[in-house]
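A.B. asks: Following this line is work_14.cif, made up of mmCIF, C-alpha atoms:
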data_structure
#
loop_
_atom_site.group_PDB
_atom_site.id
_atom_site.type_symbol
_atom_site.label_atom_id
_atom_site.label_comp_id
_atom_site.auth_asym_id
_atom_site.auth_seq_id
_atom_site.Cartn_x
_atom_site.Cartn_y
_atom_site.Cartn_z
ATOM 1 C CA MET Y 808 131.398 101.844 118.875
ATOM 2 C CA MET Y 809 128.888 99.365 117.461
ATOM 3 C CA ALA Y 810 125.161 100.094 117.670
ATOM 4 C CA VAL Y 811 122.397 97.543 117.068
ATOM 5 C CA LEU Y 812 119.293 98.802 115.254
ATOM 6 C CA LEU Y 813 116.004 97.313 114.154
ATOM 7 C CA GLY Y 814 114.518 98.256 110.794
ATOM 8 C CA PHE Y 815 110.843 98.148 109.844
ATOM 9 C CA ASP Y 816 109.044 97.965 106.500
ATOM 10 C CA TYR Y 817 105.579 99.105 107.595
ATOM 11 C CA GLY Y 818 102.510 98.095 105.634
ATOM 12 C CA THR Y 819 98.811 98.149 106.401
ATOM 13 C CA HIS Y 820 98.653 94.330 106.509
ATOM 14 C CA LYS Y 821 102.149 93.313 107.598
ATOM 15 C CA ILE Y 822 105.452 94.652 108.880
ATOM 16 C CA GLY Y 823 108.854 93.352 107.817
ATOM 17 C CA ILE Y 824 111.590 93.534 110.457
ATOM 18 C CA ALA Y 825 115.374 93.333 110.198
ATOM 19 C CA VAL Y 826 118.300 93.716 112.603
ATOM 20 C CA GLY Y 827 121.518 95.487 111.744
ATOM 21 C CA GLN Y 828 124.584 97.013 113.257
ATOM 22 C CA SER Y 829 126.496 100.181 112.591
ATOM 23 C CA LEU Y 830 130.033 98.753 112.549
ATOM 24 C CA THR Y 831 129.661 97.025 109.173
ATOM 25 C CA GLY Y 832 126.519 98.813 107.978
ATOM 26 C CA THR Y 833 124.829 95.480 107.301
ATOM 27 C CA ALA Y 834 121.483 94.024 108.307
ATOM 28 C CA THR Y 835 119.745 90.645 108.370
ATOM 29 C CA PRO Y 836 116.041 89.983 107.724
ATOM 30 C CA LEU Y 837 114.303 88.695 110.866
ATOM 31 C CA GLU Y 838 110.623 88.125 110.217
ATOM 32 C CA THR Y 839 107.360 89.515 108.916
ATOM 33 C CA LEU Y 840 104.541 90.196 111.361
ATOM 34 C CA GLY Y 841 100.868 90.256 110.516
ATOM 35 C CA MET Y 842 98.561 92.817 112.041
ATOM 36 C CA VAL Y 843 96.541 91.999 115.146
ATOM 37 C CA ARG Y 844 93.038 93.447 114.879
ATOM 38 C CA GLU Y 845 94.325 95.901 112.255
ATOM 39 C CA LYS Y 846 97.119 97.119 114.576
ATOM 40 C CA PRO Y 847 100.822 96.300 114.768
ATOM 41 C CA ASP Y 848 101.681 93.199 116.802
ATOM 42 C CA TRP Y 849 103.040 95.222 119.726
ATOM 43 C CA THR Y 850 103.595 92.106 121.822
ATOM 44 C CA ARG Y 851 105.926 90.535 119.256
ATOM 45 C CA ILE Y 852 107.644 93.861 118.543
ATOM 46 C CA GLY Y 853 108.289 94.261 122.275
ATOM 47 C CA LEU Y 854 109.771 90.755 122.439
ATOM 48 C CA LEU Y 855 112.093 91.541 119.522
ATOM 49 C CA LEU Y 856 113.230 94.741 121.222
ATOM 50 C CA ASP Y 857 113.887 92.789 124.440
ATOM 51 C CA GLU Y 858 115.865 90.181 122.498
ATOM 52 C CA TRP Y 859 117.999 92.524 120.359
ATOM 53 C CA ARG Y 860 118.217 95.582 122.660
ATOM 54 C CA PRO Y 861 118.556 98.087 119.809
ATOM 55 C CA GLU Y 862 119.858 101.585 120.381
ATOM 56 C CA ALA Y 863 117.586 103.002 117.683
ATOM 57 C CA LEU Y 864 114.854 102.038 115.215
ATOM 58 C CA VAL Y 865 114.538 102.802 111.502
ATOM 59 C CA VAL Y 866 111.189 102.888 109.668
ATOM 60 C CA GLY Y 867 110.839 102.997 105.896
ATOM 61 C CA HIS Y 868 109.459 106.305 104.609
ATOM 62 C CA PRO Y 869 107.423 105.678 101.449
ATOM 63 C CA PHE Y 870 108.096 107.997 98.520
ATOM 64 C CA GLU Y 871 107.051 107.886 94.899
ATOM 65 C CA MET Y 872 109.772 108.003 92.253
ATOM 66 C CA SER Y 873 108.944 111.690 91.702
ATOM 67 C CA GLY Y 874 110.053 112.442 95.267
ATOM 68 C CA ARG Y 875 106.509 113.055 96.482
ATOM 69 C CA GLU Y 876 105.418 111.188 99.611
ATOM 70 C CA ALA Y 877 103.456 108.068 98.752
ATOM 71 C CA ASP Y 878 99.857 107.643 99.875
ATOM 72 C CA ASN Y 879 100.870 105.230 102.641
ATOM 73 C CA ALA Y 880 103.505 107.596 104.124
ATOM 74 C CA GLU Y 881 101.170 108.855 106.857
ATOM 75 C CA GLY Y 882 100.691 105.310 108.166
ATOM 76 C CA ALA Y 883 104.449 104.740 108.299
ATOM 77 C CA LYS Y 884 105.009 108.045 110.093
ATOM 78 C CA ARG Y 885 102.251 107.223 112.594
ATOM 79 C CA PHE Y 886 103.867 103.819 113.201
ATOM 80 C CA ALA Y 887 107.231 105.550 113.790
ATOM 81 C CA ARG Y 888 105.641 107.908 116.346
ATOM 82 C CA GLN Y 889 103.982 104.959 118.088
ATOM 83 C CA LEU Y 890 107.304 103.086 118.276
ATOM 84 C CA HIS Y 891 108.942 106.107 119.871
ATOM 85 C CA GLY Y 892 106.064 106.645 122.273
ATOM 86 C CA ARG Y 893 105.947 103.017 123.410
ATOM 87 C CA TYR Y 894 109.651 102.226 123.623
ATOM 88 C CA ARG Y 895 111.322 105.622 124.094
ATOM 89 C CA LEU Y 896 114.025 104.840 121.547
ATOM 90 C CA PRO Y 897 115.214 107.158 118.783
ATOM 91 C CA VAL Y 898 113.267 106.439 115.593
ATOM 92 C CA HIS Y 899 114.636 107.466 112.202
ATOM 93 C CA MET Y 900 112.877 107.466 108.852
ATOM 94 C CA ALA Y 901 114.684 106.177 105.739
ATOM 95 C CA ASP Y 902 113.678 106.520 102.106
ATOM 96 C CA GLU Y 903 112.292 103.145 101.070
ATOM 97 C CA ARG Y 904 111.898 103.759 97.335
ATOM 98 C CA LEU Y 905 112.285 100.544 95.349
ATOM 99 C CA THR Y 906 113.133 98.366 98.379
ATOM 100 C CA SER Y 907 110.166 96.033 97.887
ATOM 101 C CA ARG Y 908 110.883 95.774 94.166
ATOM 102 C CA GLU Y 909 114.538 94.986 94.930
ATOM 103 C CA ALA Y 910 113.476 92.391 97.525
ATOM 104 C CA TRP Y 911 111.193 90.674 94.993
ATOM 105 C CA ALA Y 912 114.010 90.669 92.430
ATOM 106 C CA ARG Y 913 116.525 89.204 94.882
ATOM 107 C CA LEU Y 914 114.186 86.469 96.055
ATOM 108 C CA GLY Y 915 112.949 85.517 92.593
ATOM 109 C CA ASN Y 916 110.839 82.345 92.700
ATOM 110 C CA GLU Y 917 111.261 82.116 96.478
ATOM 111 C CA ALA Y 918 109.118 85.257 96.772
ATOM 112 C CA ASN Y 919 106.249 83.447 95.051
ATOM 113 C CA ARG Y 920 106.528 80.493 97.432
ATOM 114 C CA ASP Y 921 106.818 82.640 100.579
ATOM 115 C CA PRO Y 922 105.843 86.286 99.973
ATOM 116 C CA THR Y 923 106.282 87.156 103.667
ATOM 117 C CA ARG Y 924 110.063 86.970 103.136
ATOM 118 C CA VAL Y 925 109.818 89.997 100.849
ATOM 119 C CA ASP Y 926 108.844 92.343 103.691
ATOM 120 C CA ALA Y 927 111.669 91.238 105.993
ATOM 121 C CA LEU Y 928 114.176 91.585 103.131
ATOM 122 C CA ALA Y 929 112.766 95.045 102.338
ATOM 123 C CA ALA Y 930 113.295 95.961 106.022
ATOM 124 C CA LYS Y 931 116.926 94.824 105.676
ATOM 125 C CA LEU Y 932 117.373 97.051 102.611
ATOM 126 C CA ILE Y 933 115.752 100.017 104.369
ATOM 127 C CA LEU Y 934 118.008 99.596 107.397
ATOM 128 C CA GLU Y 935 121.144 99.229 105.275
ATOM 129 C CA THR Y 936 120.184 102.368 103.342
ATOM 130 C CA TRP Y 937 119.998 104.324 106.590
ATOM 131 C CA LEU Y 938 123.187 102.779 108.025
ATOM 132 C CA ASN Y 939 125.182 103.662 104.916
ATOM 133 C CA ASP Y 940 123.913 107.227 104.308
#
Just give me the structure of the file as structure tokens.
C.D. replies:
Amino acid sequence: MMAVLLGFDYGTHKIGIAVGQSLTGTATPLETLGMVREKPDWTRIGLLLDEWRPEALVVGHPFEMSGREADNAEGAKRFARQLHGRYRLPVHMADERLTSREAWARLGNEANRDPTRVDALAAKLILETWLND
């Protein structure tokens, strides 16, 4: 049975979003949202959930290379709780170590021209990590 999921790379200034499915364990970058008055763009997130009808959501859980939670982990966990509270969907956390670095490396010069693509690609990598664990 195939399940559609949305993945999120949460940051304090922007959120990368990707869509994926469980059958192949692959994901596709969708977009990067800016914050609205220092809060997630709940309107746009709601529209994406209406469009894709995911069965679950995956949020990147920031860790340092040592395995210790990164300083921004509390914000990502709060965002995950808010997603669950607003949309009543299962929300999973996935280790996001090195996903932004990998996204920058994959995009190369494109990342310099359009840095917002990095966050959506990082969300894709986060979601694929969770789908394939």
A.B. asks: What residues have an atom no more than 9 Å from (112.6, 86.9, 111.6) in the file's own frame, counting all atoms listed in the file, and can you write them as a PyMOL selection string?
C.D. replies: chain Y and resi 823-826+835-840+924+927
A.B. asks: What would the list of residues within 9 Å of (126.2, 97.5, 108.1) (file frame) look like as a PDB file with C-alpha atoms, keeping the file's coordinate frame, if all atoms listed in the file are what count?
C.D. replies:
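Saved result, result_20.pdb, follows:
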ATOM      1  CA  GLY Y 827     121.518  95.487 111.744  1.00  0.00           C
ATOM      2  CA  GLN Y 828     124.584  97.013 113.257  1.00  0.00           C
ATOM      3  CA  SER Y 829     126.496 100.181 112.591  1.00  0.00           C
ATOM      4  CA  LEU Y 830     130.033  98.753 112.549  1.00  0.00           C
ATOM      5  CA  THR Y 831     129.661  97.025 109.173  1.00  0.00           C
ATOM      6  CA  GLY Y 832     126.519  98.813 107.978  1.00  0.00           C
ATOM      7  CA  THR Y 833     124.829  95.480 107.301  1.00  0.00           C
ATOM      8  CA  ALA Y 834     121.483  94.024 108.307  1.00  0.00           C
ATOM      9  CA  LEU Y 934     118.008  99.596 107.397  1.00  0.00           C
ATOM     10  CA  GLU Y 935     121.144  99.229 105.275  1.00  0.00           C
ATOM     11  CA  LEU Y 938     123.187 102.779 108.025  1.00  0.00           C
ATOM     12  CA  ASN Y 939     125.182 103.662 104.916  1.00  0.00           C
TER      13      ASN Y 939
END
A.B. asks: Considering all atoms listed in the file, return as a list of chain:residue names whatever protein or nucleic-acid residues lie within 10 Å of segment 873-880 of chain Y, sequence-local ones (same chain, fewer than 6 positions apart) excluded.
C.D. replies: Y:Tyr817, Y:Gly818, Y:Thr819, Y:Gly867, Y:Phe886, Y:Asp902, Y:Arg904
A.B. asks: One decimal, in Å: what's the spacing between atom CA of Val866 of chain Y and atom CA of Leu914 of chain Y?
C.D. replies: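 Taking atom CA of Val866 of chain Y as the start and atom CA of Leu914 of chain Y as the end point, the length is 21.5 Å.
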A.B. asks: Closest to Ile933 of chain Y among Y:Arg893, Y:Lys846, Y:His899, Y:His820, using all atoms listed in the file?
C.D. replies: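 Among the listed residues, the smallest separation from Ile933 of chain Y belongs to Y:His899.
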A.B. asks: With only C-alpha atoms as the basis for distance, which of Y:Gly841, Y:Pro922, Y:Pro897, Y:Pro847 is at the shortest distance from Gly882 of chain Y?
C.D. replies: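 Smallest separation from Gly882 of chain Y among the options: Y:Pro847.
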